[in-house]
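One file, upload_14.cif, is given below (mmCIF, C-alpha atoms).
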data_run
#
loop_
_atom_site.group_PDB
_atom_site.id
_atom_site.type_symbol
_atom_site.label_atom_id
_atom_site.label_comp_id
_atom_site.auth_asym_id
_atom_site.auth_seq_id
_atom_site.Cartn_x
_atom_site.Cartn_y
_atom_site.Cartn_z
ATOM 1 C CA MET A 28 19.601 -0.223 -73.966
ATOM 2 C CA ARG A 29 20.318 -1.146 -70.317
ATOM 3 C CA LYS A 30 20.950 2.534 -69.445
ATOM 4 C CA ALA A 31 17.648 3.594 -71.005
ATOM 5 C CA PHE A 32 15.816 0.861 -69.066
ATOM 6 C CA TRP A 33 17.210 2.024 -65.681
ATOM 7 C CA CYS A 34 16.523 5.687 -66.462
ATOM 8 C CA ALA A 35 12.905 4.854 -67.251
ATOM 9 C CA ALA A 36 12.600 2.775 -64.092
ATOM 10 C CA LEU A 37 14.000 5.602 -61.954
ATOM 11 C CA MET A 38 11.565 8.080 -63.483
ATOM 12 C CA THR A 39 8.669 5.714 -62.712
ATOM 13 C CA ILE A 40 9.740 5.452 -59.034
ATOM 14 C CA LEU A 41 10.001 9.227 -58.704
ATOM 15 C CA VAL A 42 6.573 9.772 -60.251
ATOM 16 C CA CYS A 43 5.019 7.169 -57.918
ATOM 17 C CA LEU A 44 6.635 8.718 -54.863
ATOM 18 C CA GLN A 45 5.453 12.167 -55.915
ATOM 19 C CA ALA A 46 1.921 10.923 -56.463
ATOM 20 C CA SER A 47 1.806 9.257 -53.035
ATOM 21 C CA GLY A 48 3.064 12.381 -51.240
ATOM 22 C CA GLN A 49 6.354 10.777 -50.171
ATOM 23 C CA GLN A 50 9.786 12.263 -50.675
ATOM 24 C CA ALA A 51 12.472 10.607 -52.723
ATOM 25 C CA PRO A 52 15.591 9.684 -50.751
ATOM 26 C CA ALA A 53 18.278 12.362 -50.631
ATOM 27 C CA ALA A 54 21.404 11.803 -52.653
ATOM 28 C CA ARG A 55 24.347 10.289 -50.741
ATOM 29 C CA GLY A 56 26.138 13.024 -48.855
ATOM 30 C CA GLY A 57 23.173 15.376 -49.182
ATOM 31 C CA GLN A 58 20.926 16.818 -46.496
ATOM 32 C CA ARG A 59 18.860 14.264 -44.538
ATOM 33 C CA GLY A 60 15.370 15.757 -44.500
ATOM 34 C CA ALA A 61 14.331 19.361 -43.983
ATOM 35 C CA ALA A 62 16.536 21.109 -41.437
ATOM 36 C CA PRO A 63 14.686 23.118 -38.765
ATOM 37 C CA ALA A 64 14.976 26.866 -39.243
ATOM 38 C CA GLY A 65 15.195 27.641 -35.521
ATOM 39 C CA PRO A 66 15.622 25.932 -32.149
ATOM 40 C CA PRO A 67 13.771 22.598 -31.858
ATOM 41 C CA GLN A 68 10.251 22.748 -30.462
ATOM 42 C CA PRO A 69 8.104 20.101 -28.723
ATOM 43 C CA ASN A 70 5.899 18.154 -31.110
ATOM 44 C CA PRO A 71 2.409 17.630 -29.633
ATOM 45 C CA THR A 72 1.689 14.972 -32.286
ATOM 46 C CA GLY A 73 4.832 12.963 -31.479
ATOM 47 C CA PRO A 74 4.313 9.395 -30.177
ATOM 48 C CA LEU A 75 6.097 10.149 -26.865
ATOM 49 C CA TYR A 76 4.847 13.695 -26.317
ATOM 50 C CA GLN A 77 4.565 14.316 -22.534
ATOM 51 C CA PHE A 78 5.151 10.617 -21.928
ATOM 52 C CA LYS A 79 6.322 9.552 -18.462
ATOM 53 C CA GLY A 80 9.003 7.057 -17.460
ATOM 54 C CA GLU A 81 12.312 6.241 -19.149
ATOM 55 C CA GLN A 82 12.613 7.218 -22.781
ATOM 56 C CA TYR A 83 15.062 7.273 -25.674
ATOM 57 C CA ARG A 84 14.238 10.377 -27.703
ATOM 58 C CA VAL A 85 15.507 12.083 -30.858
ATOM 59 C CA TYR A 86 15.137 15.559 -32.323
ATOM 60 C CA ASN A 87 16.245 17.204 -35.554
ATOM 61 C CA PHE A 88 19.377 19.287 -35.136
ATOM 62 C CA PRO A 89 18.876 22.827 -36.542
ATOM 63 C CA GLY A 90 20.903 23.526 -39.635
ATOM 64 C CA THR A 91 21.523 19.877 -40.505
ATOM 65 C CA GLY A 92 18.242 18.031 -39.947
ATOM 66 C CA GLU A 93 20.133 15.135 -38.342
ATOM 67 C CA SER A 94 18.334 13.006 -35.753
ATOM 68 C CA ILE A 95 20.204 13.512 -32.466
ATOM 69 C CA PRO A 96 19.336 11.244 -29.506
ATOM 70 C CA TYR A 97 18.948 12.053 -25.841
ATOM 71 C CA ARG A 98 17.956 10.076 -22.763
ATOM 72 C CA LEU A 99 14.966 11.222 -20.708
ATOM 73 C CA PHE A 100 13.257 10.191 -17.493
ATOM 74 C CA VAL A 101 9.994 11.751 -16.281
ATOM 75 C CA PRO A 102 8.658 10.689 -12.854
ATOM 76 C CA SER A 103 5.176 9.225 -12.486
ATOM 77 C CA ARG A 104 3.967 12.175 -10.395
ATOM 78 C CA TRP A 105 4.363 14.614 -13.289
ATOM 79 C CA THR A 106 1.245 16.274 -14.709
ATOM 80 C CA PRO A 107 0.960 19.098 -17.271
ATOM 81 C CA GLY A 108 0.231 21.521 -14.428
ATOM 82 C CA THR A 109 3.168 20.344 -12.282
ATOM 83 C CA LYS A 110 6.456 22.254 -12.306
ATOM 84 C CA LEU A 111 9.166 19.749 -11.417
ATOM 85 C CA PRO A 112 12.939 20.272 -11.114
ATOM 86 C CA MET A 113 15.270 18.915 -13.809
ATOM 87 C CA LEU A 114 18.739 17.380 -13.569
ATOM 88 C CA VAL A 115 20.832 17.546 -16.740
ATOM 89 C CA THR A 116 23.396 14.759 -16.382
ATOM 90 C CA LEU A 117 25.997 14.693 -19.134
ATOM 91 C CA ARG A 118 26.932 11.322 -20.584
ATOM 92 C CA ALA A 119 30.081 9.529 -19.502
ATOM 93 C CA GLY A 120 30.085 6.734 -22.100
ATOM 94 C CA ASN A 121 29.655 6.614 -25.873
ATOM 95 C CA THR A 122 25.871 6.305 -25.941
ATOM 96 C CA VAL A 123 22.647 7.408 -24.249
ATOM 97 C CA ASP A 124 20.723 4.310 -25.345
ATOM 98 C CA GLY A 125 20.589 2.392 -22.074
ATOM 99 C CA PRO A 126 19.891 2.680 -18.342
ATOM 100 C CA TYR A 127 22.197 4.440 -15.928
ATOM 101 C CA ARG A 128 24.737 2.299 -14.101
ATOM 102 C CA ALA A 129 24.473 0.583 -10.701
ATOM 103 C CA GLY A 130 20.971 -0.782 -11.065
ATOM 104 C CA ASN A 131 19.655 2.468 -12.501
ATOM 105 C CA ASP A 132 19.854 4.066 -9.045
ATOM 106 C CA LEU A 133 19.862 7.628 -10.392
ATOM 107 C CA VAL A 134 16.451 7.111 -11.988
ATOM 108 C CA LYS A 135 15.084 5.222 -8.976
ATOM 109 C CA VAL A 136 15.909 8.111 -6.665
ATOM 110 C CA ALA A 137 14.675 10.675 -9.217
ATOM 111 C CA GLU A 138 11.315 8.871 -9.218
ATOM 112 C CA GLN A 139 11.176 9.048 -5.412
ATOM 113 C CA ARG A 140 12.186 12.717 -5.306
ATOM 114 C CA GLY A 141 10.177 13.902 -8.301
ATOM 115 C CA PHE A 142 13.016 14.972 -10.611
ATOM 116 C CA ILE A 143 13.075 14.973 -14.401
ATOM 117 C CA VAL A 144 16.455 13.655 -15.609
ATOM 118 C CA VAL A 145 17.826 14.250 -19.099
ATOM 119 C CA THR A 146 21.095 13.244 -20.748
ATOM 120 C CA PRO A 147 22.072 14.978 -24.010
ATOM 121 C CA MET A 148 24.318 13.032 -26.355
ATOM 122 C CA GLY A 149 26.585 15.988 -27.035
ATOM 123 C CA TYR A 150 25.857 15.827 -30.787
ATOM 124 C CA ARG A 151 28.106 12.874 -31.598
ATOM 125 C CA GLY A 152 28.676 9.649 -29.670
ATOM 126 C CA LEU A 153 32.437 10.070 -29.797
ATOM 127 C CA SER A 154 34.680 9.317 -26.824
ATOM 128 C CA GLN A 155 35.685 11.892 -24.214
ATOM 129 C CA PRO A 156 32.499 14.015 -24.165
ATOM 130 C CA TYR A 157 33.771 17.407 -23.010
ATOM 131 C CA TYR A 158 30.785 19.359 -24.405
ATOM 132 C CA GLY A 159 32.933 22.235 -25.614
ATOM 133 C CA SER A 160 35.219 22.350 -22.565
ATOM 134 C CA ARG A 161 38.981 22.760 -22.762
ATOM 135 C CA TYR A 162 39.639 22.116 -19.069
ATOM 136 C CA THR A 163 41.879 19.082 -18.655
ATOM 137 C CA ILE A 164 41.078 16.416 -16.072
ATOM 138 C CA ALA A 165 43.605 16.629 -13.208
ATOM 139 C CA ARG A 166 45.389 13.287 -13.310
ATOM 140 C CA PRO A 167 48.681 11.933 -14.657
ATOM 141 C CA ASN A 168 48.761 11.755 -18.455
ATOM 142 C CA PRO A 169 45.161 12.916 -19.013
ATOM 143 C CA PRO A 170 43.579 12.668 -22.463
ATOM 144 C CA ALA A 171 43.399 15.882 -24.449
ATOM 145 C CA PRO A 172 39.932 17.439 -24.167
ATOM 146 C CA ALA A 173 37.661 16.466 -27.067
ATOM 147 C CA ALA A 174 40.375 14.384 -28.743
ATOM 148 C CA GLY A 175 39.163 13.217 -32.150
ATOM 149 C CA TRP A 176 36.410 15.830 -32.390
ATOM 150 C CA THR A 177 36.330 18.412 -35.148
ATOM 151 C CA ALA A 178 35.897 22.054 -34.179
ATOM 152 C CA GLN A 179 32.393 21.991 -35.640
ATOM 153 C CA GLU A 180 31.417 18.836 -33.736
ATOM 154 C CA ASP A 181 32.770 20.324 -30.532
ATOM 155 C CA GLU A 182 30.731 23.505 -30.995
ATOM 156 C CA ARG A 183 27.603 21.523 -31.777
ATOM 157 C CA ALA A 184 28.146 19.315 -28.706
ATOM 158 C CA GLU A 185 27.718 22.387 -26.518
ATOM 159 C CA GLN A 186 24.717 23.594 -28.510
ATOM 160 C CA ASP A 187 23.097 20.167 -28.242
ATOM 161 C CA VAL A 188 22.936 20.511 -24.447
ATOM 162 C CA LEU A 189 21.158 23.864 -24.733
ATOM 163 C CA TYR A 190 18.705 22.574 -27.339
ATOM 164 C CA VAL A 191 17.787 19.490 -25.298
ATOM 165 C CA MET A 192 17.453 21.459 -22.053
ATOM 166 C CA ASP A 193 15.064 23.951 -23.632
ATOM 167 C CA LEU A 194 13.138 21.272 -25.506
ATOM 168 C CA VAL A 195 12.435 19.239 -22.361
ATOM 169 C CA ALA A 196 11.797 22.349 -20.251
ATOM 170 C CA GLN A 197 9.086 23.479 -22.670
ATOM 171 C CA GLU A 198 7.435 20.091 -23.120
ATOM 172 C CA TYR A 199 7.312 19.308 -19.399
ATOM 173 C CA ASN A 200 6.801 22.787 -17.921
ATOM 174 C CA VAL A 201 10.045 22.502 -15.921
ATOM 175 C CA ASP A 202 10.640 24.790 -12.946
ATOM 176 C CA ALA A 203 13.247 27.174 -14.402
ATOM 177 C CA SER A 204 14.486 28.048 -10.908
ATOM 178 C CA ARG A 205 15.430 24.399 -10.271
ATOM 179 C CA ILE A 206 17.550 23.246 -13.190
ATOM 180 C CA TYR A 207 20.750 21.429 -12.215
ATOM 181 C CA LEU A 208 23.818 20.157 -14.053
ATOM 182 C CA HIS A 209 25.988 17.097 -13.432
ATOM 183 C CA GLY A 210 29.059 15.590 -15.042
ATOM 184 C CA GLN A 211 31.373 12.669 -14.311
ATOM 185 C CA ASN A 212 35.030 12.326 -15.404
ATOM 186 C CA PRO A 213 35.392 14.152 -18.783
ATOM 187 C CA SER A 214 31.775 15.253 -18.756
ATOM 188 C CA ALA A 215 32.482 16.855 -15.357
ATOM 189 C CA SER A 216 34.868 19.142 -17.207
ATOM 190 C CA GLY A 217 31.998 19.838 -19.597
ATOM 191 C CA ALA A 218 29.623 20.568 -16.709
ATOM 192 C CA LEU A 219 32.030 23.057 -15.138
ATOM 193 C CA TYR A 220 32.567 24.727 -18.514
ATOM 194 C CA LEU A 221 28.825 25.074 -19.198
ATOM 195 C CA ALA A 222 28.154 26.247 -15.633
ATOM 196 C CA ALA A 223 30.684 29.073 -15.976
ATOM 197 C CA LYS A 224 29.458 30.054 -19.452
ATOM 198 C CA TYR A 225 25.722 29.918 -18.640
ATOM 199 C CA PRO A 226 25.527 30.654 -14.882
ATOM 200 C CA ASP A 227 21.974 32.007 -15.101
ATOM 201 C CA LYS A 228 20.636 28.656 -16.328
ATOM 202 C CA PHE A 229 21.595 26.464 -13.355
ATOM 203 C CA ALA A 230 20.870 26.532 -9.623
ATOM 204 C CA ALA A 231 23.673 24.063 -8.830
ATOM 205 C CA VAL A 232 26.347 21.985 -10.520
ATOM 206 C CA VAL A 233 27.592 18.572 -9.371
ATOM 207 C CA VAL A 234 31.044 17.245 -10.284
ATOM 208 C CA SER A 235 31.757 13.583 -9.596
ATOM 209 C CA SER A 236 35.169 11.932 -9.991
ATOM 210 C CA GLY A 237 36.150 14.671 -12.415
ATOM 211 C CA PRO A 238 38.562 17.249 -10.960
ATOM 212 C CA ILE A 239 39.966 19.662 -13.513
ATOM 213 C CA VAL A 240 43.158 21.661 -13.771
ATOM 214 C CA PHE A 241 41.510 24.818 -12.387
ATOM 215 C CA ASP A 242 44.294 27.412 -12.656
ATOM 216 C CA SER A 243 42.386 29.369 -15.322
ATOM 217 C CA TYR A 244 38.854 28.396 -14.282
ATOM 218 C CA PRO A 245 36.545 31.417 -13.659
ATOM 219 C CA PHE A 246 35.103 30.460 -10.269
ATOM 220 C CA ALA A 247 33.874 34.070 -10.051
ATOM 221 C CA ASN A 248 31.224 33.197 -12.663
ATOM 222 C CA LEU A 249 29.666 30.727 -10.206
ATOM 223 C CA LYS A 250 29.907 32.973 -7.145
ATOM 224 C CA GLY A 251 26.447 34.058 -6.019
ATOM 225 C CA LYS A 252 24.886 32.279 -9.017
ATOM 226 C CA MET A 253 24.898 28.590 -8.157
ATOM 227 C CA ALA A 254 26.057 26.035 -5.625
ATOM 228 C CA LEU A 255 28.798 23.500 -6.356
ATOM 229 C CA LEU A 256 28.933 19.930 -5.052
ATOM 230 C CA VAL A 257 32.170 17.994 -5.613
ATOM 231 C CA ILE A 258 32.073 14.267 -4.829
ATOM 232 C CA HIS A 259 34.713 11.580 -5.179
ATOM 233 C CA GLY A 260 34.698 7.880 -4.333
ATOM 234 C CA ASP A 261 37.415 6.597 -2.033
ATOM 235 C CA GLN A 262 37.766 3.522 -4.288
ATOM 236 C CA ASP A 263 38.460 5.583 -7.421
ATOM 237 C CA THR A 264 41.654 4.253 -9.003
ATOM 238 C CA THR A 265 41.436 6.464 -12.108
ATOM 239 C CA ASN A 266 41.319 10.073 -10.911
ATOM 240 C CA PRO A 267 42.976 11.309 -7.671
ATOM 241 C CA MET A 268 40.574 12.169 -4.871
ATOM 242 C CA GLU A 269 42.996 14.808 -3.582
ATOM 243 C CA ALA A 270 42.551 16.771 -6.817
ATOM 244 C CA SER A 271 38.789 16.965 -6.225
ATOM 245 C CA GLN A 272 39.363 18.129 -2.655
ATOM 246 C CA LYS A 273 41.758 20.854 -3.820
ATOM 247 C CA MET A 274 39.314 22.010 -6.509
ATOM 248 C CA ALA A 275 36.501 22.319 -3.960
ATOM 249 C CA GLU A 276 38.809 24.263 -1.640
ATOM 250 C CA ALA A 277 39.776 26.619 -4.459
ATOM 251 C CA ALA A 278 36.107 27.210 -5.272
ATOM 252 C CA LYS A 279 35.365 28.020 -1.616
ATOM 253 C CA ALA A 280 38.328 30.376 -1.462
ATOM 254 C CA ALA A 281 36.888 32.182 -4.496
ATOM 255 C CA GLY A 282 33.582 32.694 -2.688
ATOM 256 C CA VAL A 283 31.588 29.901 -4.311
ATOM 257 C CA ASP A 284 28.994 28.057 -2.221
ATOM 258 C CA ALA A 285 30.963 24.807 -2.549
ATOM 259 C CA THR A 286 30.617 21.473 -0.760
ATOM 260 C CA TYR A 287 32.962 18.488 -0.924
ATOM 261 C CA ALA A 288 32.013 14.899 -0.026
ATOM 262 C CA THR A 289 33.985 11.664 -0.085
ATOM 263 C CA VAL A 290 31.829 8.675 -1.060
ATOM 264 C CA PRO A 291 32.770 5.621 1.048
ATOM 265 C CA GLY A 292 33.085 2.600 -1.216
ATOM 266 C CA GLY A 293 32.500 4.761 -4.282
ATOM 267 C CA THR A 294 34.266 3.661 -7.457
ATOM 268 C CA HIS A 295 35.320 5.868 -10.345
ATOM 269 C CA LEU A 296 32.254 5.076 -12.444
ATOM 270 C CA GLU A 297 29.605 4.647 -9.770
ATOM 271 C CA ALA A 298 30.402 7.038 -6.895
ATOM 272 C CA TYR A 299 27.656 9.479 -7.898
ATOM 273 C CA LEU A 300 25.146 6.622 -8.118
ATOM 274 C CA THR A 301 26.146 5.326 -4.686
ATOM 275 C CA TYR A 302 25.691 8.889 -3.450
ATOM 276 C CA ALA A 303 22.423 9.485 -5.382
ATOM 277 C CA PRO A 304 20.071 9.989 -2.370
ATOM 278 C CA LYS A 305 22.362 12.631 -0.855
ATOM 279 C CA LEU A 306 23.020 14.144 -4.283
ATOM 280 C CA PHE A 307 19.313 14.859 -4.724
ATOM 281 C CA GLU A 308 19.052 16.089 -1.124
ATOM 282 C CA PHE A 309 21.768 18.616 -1.968
ATOM 283 C CA LEU A 310 19.949 19.763 -5.109
ATOM 284 C CA GLU A 311 16.666 20.192 -3.250
ATOM 285 C CA LYS A 312 18.298 22.822 -1.038
ATOM 286 C CA HIS A 313 19.137 25.103 -3.946
ATOM 287 C CA LYS A 314 17.054 27.132 -6.378
ATOM 288 C CA LYS A 315 17.451 30.371 -8.310
#
Would you mind writing the file out in structure tokens?
Amino acid sequence: MRKAFWCAALMTILVCLQASGQQAPAARGGQRGAAPAGPPQPNPTGPLYQFKGEQYRVYNFPGTGESIPYRLFVPSRWTPGTKLPMLVTLRAGNTVDGPYRAGNDLVKVAEQRGFIVVTPMGYRGLSQPYYGSRYTIARPNPPAPAAGWTAQEDERAEQDVLYVMDLVAQEYNVDASRIYLHGQNPSASGALYLAAKYPDKFAAVVVSSGPIVFDSYPFANLKGKMALLVIHGDQDTTNPMEASQKMAEAAKAAGVDATYATVPGGTHLEAYLTYAPKLFEFLEKHKK
């Protein structure tokens, strides 16, 4: 009797949902909504479409339909007819839902300089966001790249960056000749990996407090394609500054347009924020 009652009740709910045009919830473990068939596209009817200022956005990941977040900042000077540069800064923590460190200095300077800034999650908010990279950070007892990630998650982390870049570039008419990439600590390894794999997409790459073991790194992929800025705070007690200096020297020796800068008073987490005005000055000098 009780079973028949609940079956009838469930059928009533489904009929009501169908009549109202809503979809019944997916079964546990099933697909969450309709998965996009191709790369994500801007949605002109979305509540934040071409919105300016700081934003927390989501899009549906192709093939799964999952809502994947990313952080976005669009300066007040932007207009639909304006082609602004874009800095893709990879996350260093476990989330993109919050302002950048050190009083949000990166966004403050981006507003002054007229830069769009975007931070992809890297598919999952797991620790050590290497974005597909297998280059180990050069320090004693470094963590294994992408520890705790499945092979599928790792692959999708890389794809997430490409999806978000293209999505923002389309929606905001980004200047394709002035797209830049930045990473700090493990995400610096990710930035170097993506720069070498997709050299035609970036005009420059910035690595802060994130020297890698570069013995097998293809610096030749960057040569003549993009500039490299390596920065390191002199108060960094996590990663050795000397390793960043050696990496920059190796890049120069390989013919890369590489610049190294020590950040006075710069800590491990905030050196690139302390250096933000000069970081953007560096980017402004380079375009495809």
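The residues returned by the PyMOL selection byres ((chain A and resi 77) around 10) on the shown structure are Pro69, Asn70, Pro71, Gly73, Pro74, Leu75, Tyr76, Phe78, Lys79, Gly80, Val101, Trp105, Thr106, Pro107, Val195, Glu198, Tyr199 and Asn200 of chain A.
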| Nearest residue to Asp227 of chain A from the set A:Lys110, A:Lys305, A:Lys135, A:Lys315 (distances using only C-alpha atoms) | A:Lys315
| field | Point-to-point distance in Å for atom CA of Gln179 of chain A and atom CA of Val233 of chain A | value |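 Separating atom CA of Val233 of chain A from atom CA of Gln179 of chain A is a distance of 26.9 Å.
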Once the PyMOL selection byres ((chain A and resi 118) around 8) has been applied to the shown file, what residues remain in the selection, as a PDB file with C-alpha atoms, in the frame of the given file?
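selection.pdb, written as the output of this step:
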ATOM      1  CA  THR A 116      23.396  14.759 -16.382  1.00  0.00           C
ATOM      2  CA  LEU A 117      25.997  14.693 -19.134  1.00  0.00           C
ATOM      3  CA  ALA A 119      30.081   9.529 -19.502  1.00  0.00           C
ATOM      4  CA  GLY A 120      30.085   6.734 -22.100  1.00  0.00           C
ATOM      5  CA  ASN A 121      29.655   6.614 -25.873  1.00  0.00           C
ATOM      6  CA  THR A 122      25.871   6.305 -25.941  1.00  0.00           C
ATOM      7  CA  VAL A 123      22.647   7.408 -24.249  1.00  0.00           C
ATOM      8  CA  THR A 146      21.095  13.244 -20.748  1.00  0.00           C
ATOM      9  CA  PRO A 147      22.072  14.978 -24.010  1.00  0.00           C
ATOM     10  CA  MET A 148      24.318  13.032 -26.355  1.00  0.00           C
ATOM     11  CA  GLY A 149      26.585  15.988 -27.035  1.00  0.00           C
ATOM     12  CA  PRO A 156      32.499  14.015 -24.165  1.00  0.00           C
ATOM     13  CA  GLY A 210      29.059  15.590 -15.042  1.00  0.00           C
ATOM     14  CA  GLN A 211      31.373  12.669 -14.311  1.00  0.00           C
ATOM     15  CA  SER A 214      31.775  15.253 -18.756  1.00  0.00           C
TER      16      SER A 214
END
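By only C-alpha atoms, and with residues fewer than 2 positions from Phe100 of chain A along its chain excluded, the set lying at most 10 Å from it is Phe78, Lys79, Gly80, Glu81, Gln82, Tyr83, Arg98, Pro102, Ser103, Met113, Leu114, Val134, Ala137, Glu138, Phe142, Ile143, Val144, Val145 and Thr146 of chain A.
Interatomic distance, atom CA of Phe307 of chain A against atom CA of Leu153 of chain A: 28.7 Å.
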| request: For each of A:Tyr287, A:Tyr97, A:Tyr157, A:Tyr190, take the minimum atom-to-atom distance to Gly175 of chain A, counting all atoms listed in the file, then give the residue where this is smallest. | output: A:Tyr157
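Put simply, atom CA of Glu297 of chain A is 8.1 Å away from atom CA of Gly260 of chain A.
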| task | Translate the PyMOL selection byres ((chain A and resi 236) around 7), as applied to the file shown, into an explicit residue set as a VMD selection string. | result | chain A and resid 211 to 212 234 to 235 237 to 238 258 to 260 266 295
| field | Distance query Ala203 of chain A at most 8 Å, all atoms listed in the file, self and fewer than 5 positions along chain excluded, as number ranges by chain | value | A: 112, 196, 228
| query | For Pro67 of chain A, which of A:Ala178, A:Leu194, A:Val290, A:Leu189 is the closest residue, counting all atoms listed in the file? | reply |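 The closest residue to Pro67 of chain A is A:Leu194.
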Distance query Ala270 of chain A at most 9 Å, only C-alpha atoms, self and fewer than 3 positions along chain excluded, as a short mmCIF file (atom, residue, chain, number, x, y, z; two decimals) with C-alpha atoms, keeping the file's coordinate frame:
data_model
loop_
_atom_site.label_atom_id
_atom_site.label_comp_id
_atom_site.auth_asym_id
_atom_site.auth_seq_id
_atom_site.Cartn_x
_atom_site.Cartn_y
_atom_site.Cartn_z
CA ALA A 165 43.60 16.63 -13.21
CA ARG A 166 45.39 13.29 -13.31
CA GLY A 237 36.15 14.67 -12.42
CA PRO A 238 38.56 17.25 -10.96
CA ILE A 239 39.97 19.66 -13.51
CA VAL A 240 43.16 21.66 -13.77
CA ASN A 266 41.32 10.07 -10.91
CA PRO A 267 42.98 11.31 -7.67
CA LYS A 273 41.76 20.85 -3.82
CA MET A 274 39.31 22.01 -6.51
CA ALA A 275 36.50 22.32 -3.96
#
| task | Go through A:Ala171, A:Lys279, A:His313, A:Asn131 and flag the residue nearest Tyr299 of chain A, using only C-alpha atoms for the distances. | result | A:Asn131
Could N, CA and C atoms be built for segment 82-94 of chain A and written out as a compact mmCIF listing (two decimals), in the frame of the given file?
# COMPACT_ATOMS: atom_id res chain seq x y z
N GLN A 82 12.82 7.06 -21.34
CA GLN A 82 12.61 7.22 -22.78
C GLN A 82 13.93 7.43 -23.51
N TYR A 83 13.96 6.99 -24.76
CA TYR A 83 15.06 7.27 -25.67
C TYR A 83 14.46 8.14 -26.76
N ARG A 84 14.85 9.40 -26.80
CA ARG A 84 14.24 10.38 -27.70
C ARG A 84 15.22 10.82 -28.78
N VAL A 85 14.68 11.43 -29.83
CA VAL A 85 15.51 12.08 -30.86
C VAL A 85 14.85 13.40 -31.25
N TYR A 86 15.67 14.32 -31.75
CA TYR A 86 15.14 15.56 -32.32
C TYR A 86 16.00 15.90 -33.53
N ASN A 87 15.51 16.81 -34.36
CA ASN A 87 16.24 17.20 -35.55
C ASN A 87 17.13 18.40 -35.25
N PHE A 88 18.42 18.23 -35.46
CA PHE A 88 19.38 19.29 -35.14
C PHE A 88 19.24 20.45 -36.13
N PRO A 89 19.02 21.68 -35.64
CA PRO A 89 18.88 22.83 -36.54
C PRO A 89 20.10 23.02 -37.43
N GLY A 90 19.83 23.29 -38.67
CA GLY A 90 20.90 23.53 -39.64
C GLY A 90 21.36 22.30 -40.38
N THR A 91 21.11 21.11 -39.83
CA THR A 91 21.52 19.88 -40.51
C THR A 91 20.36 18.91 -40.71
N GLY A 92 19.36 18.96 -39.84
CA GLY A 92 18.24 18.03 -39.95
C GLY A 92 18.56 16.64 -39.42
N GLU A 93 19.75 16.45 -38.86
CA GLU A 93 20.13 15.14 -38.34
C GLU A 93 19.30 14.77 -37.11
N SER A 94 19.02 13.49 -36.94
CA SER A 94 18.33 13.01 -35.75
C SER A 94 19.36 12.79 -34.65
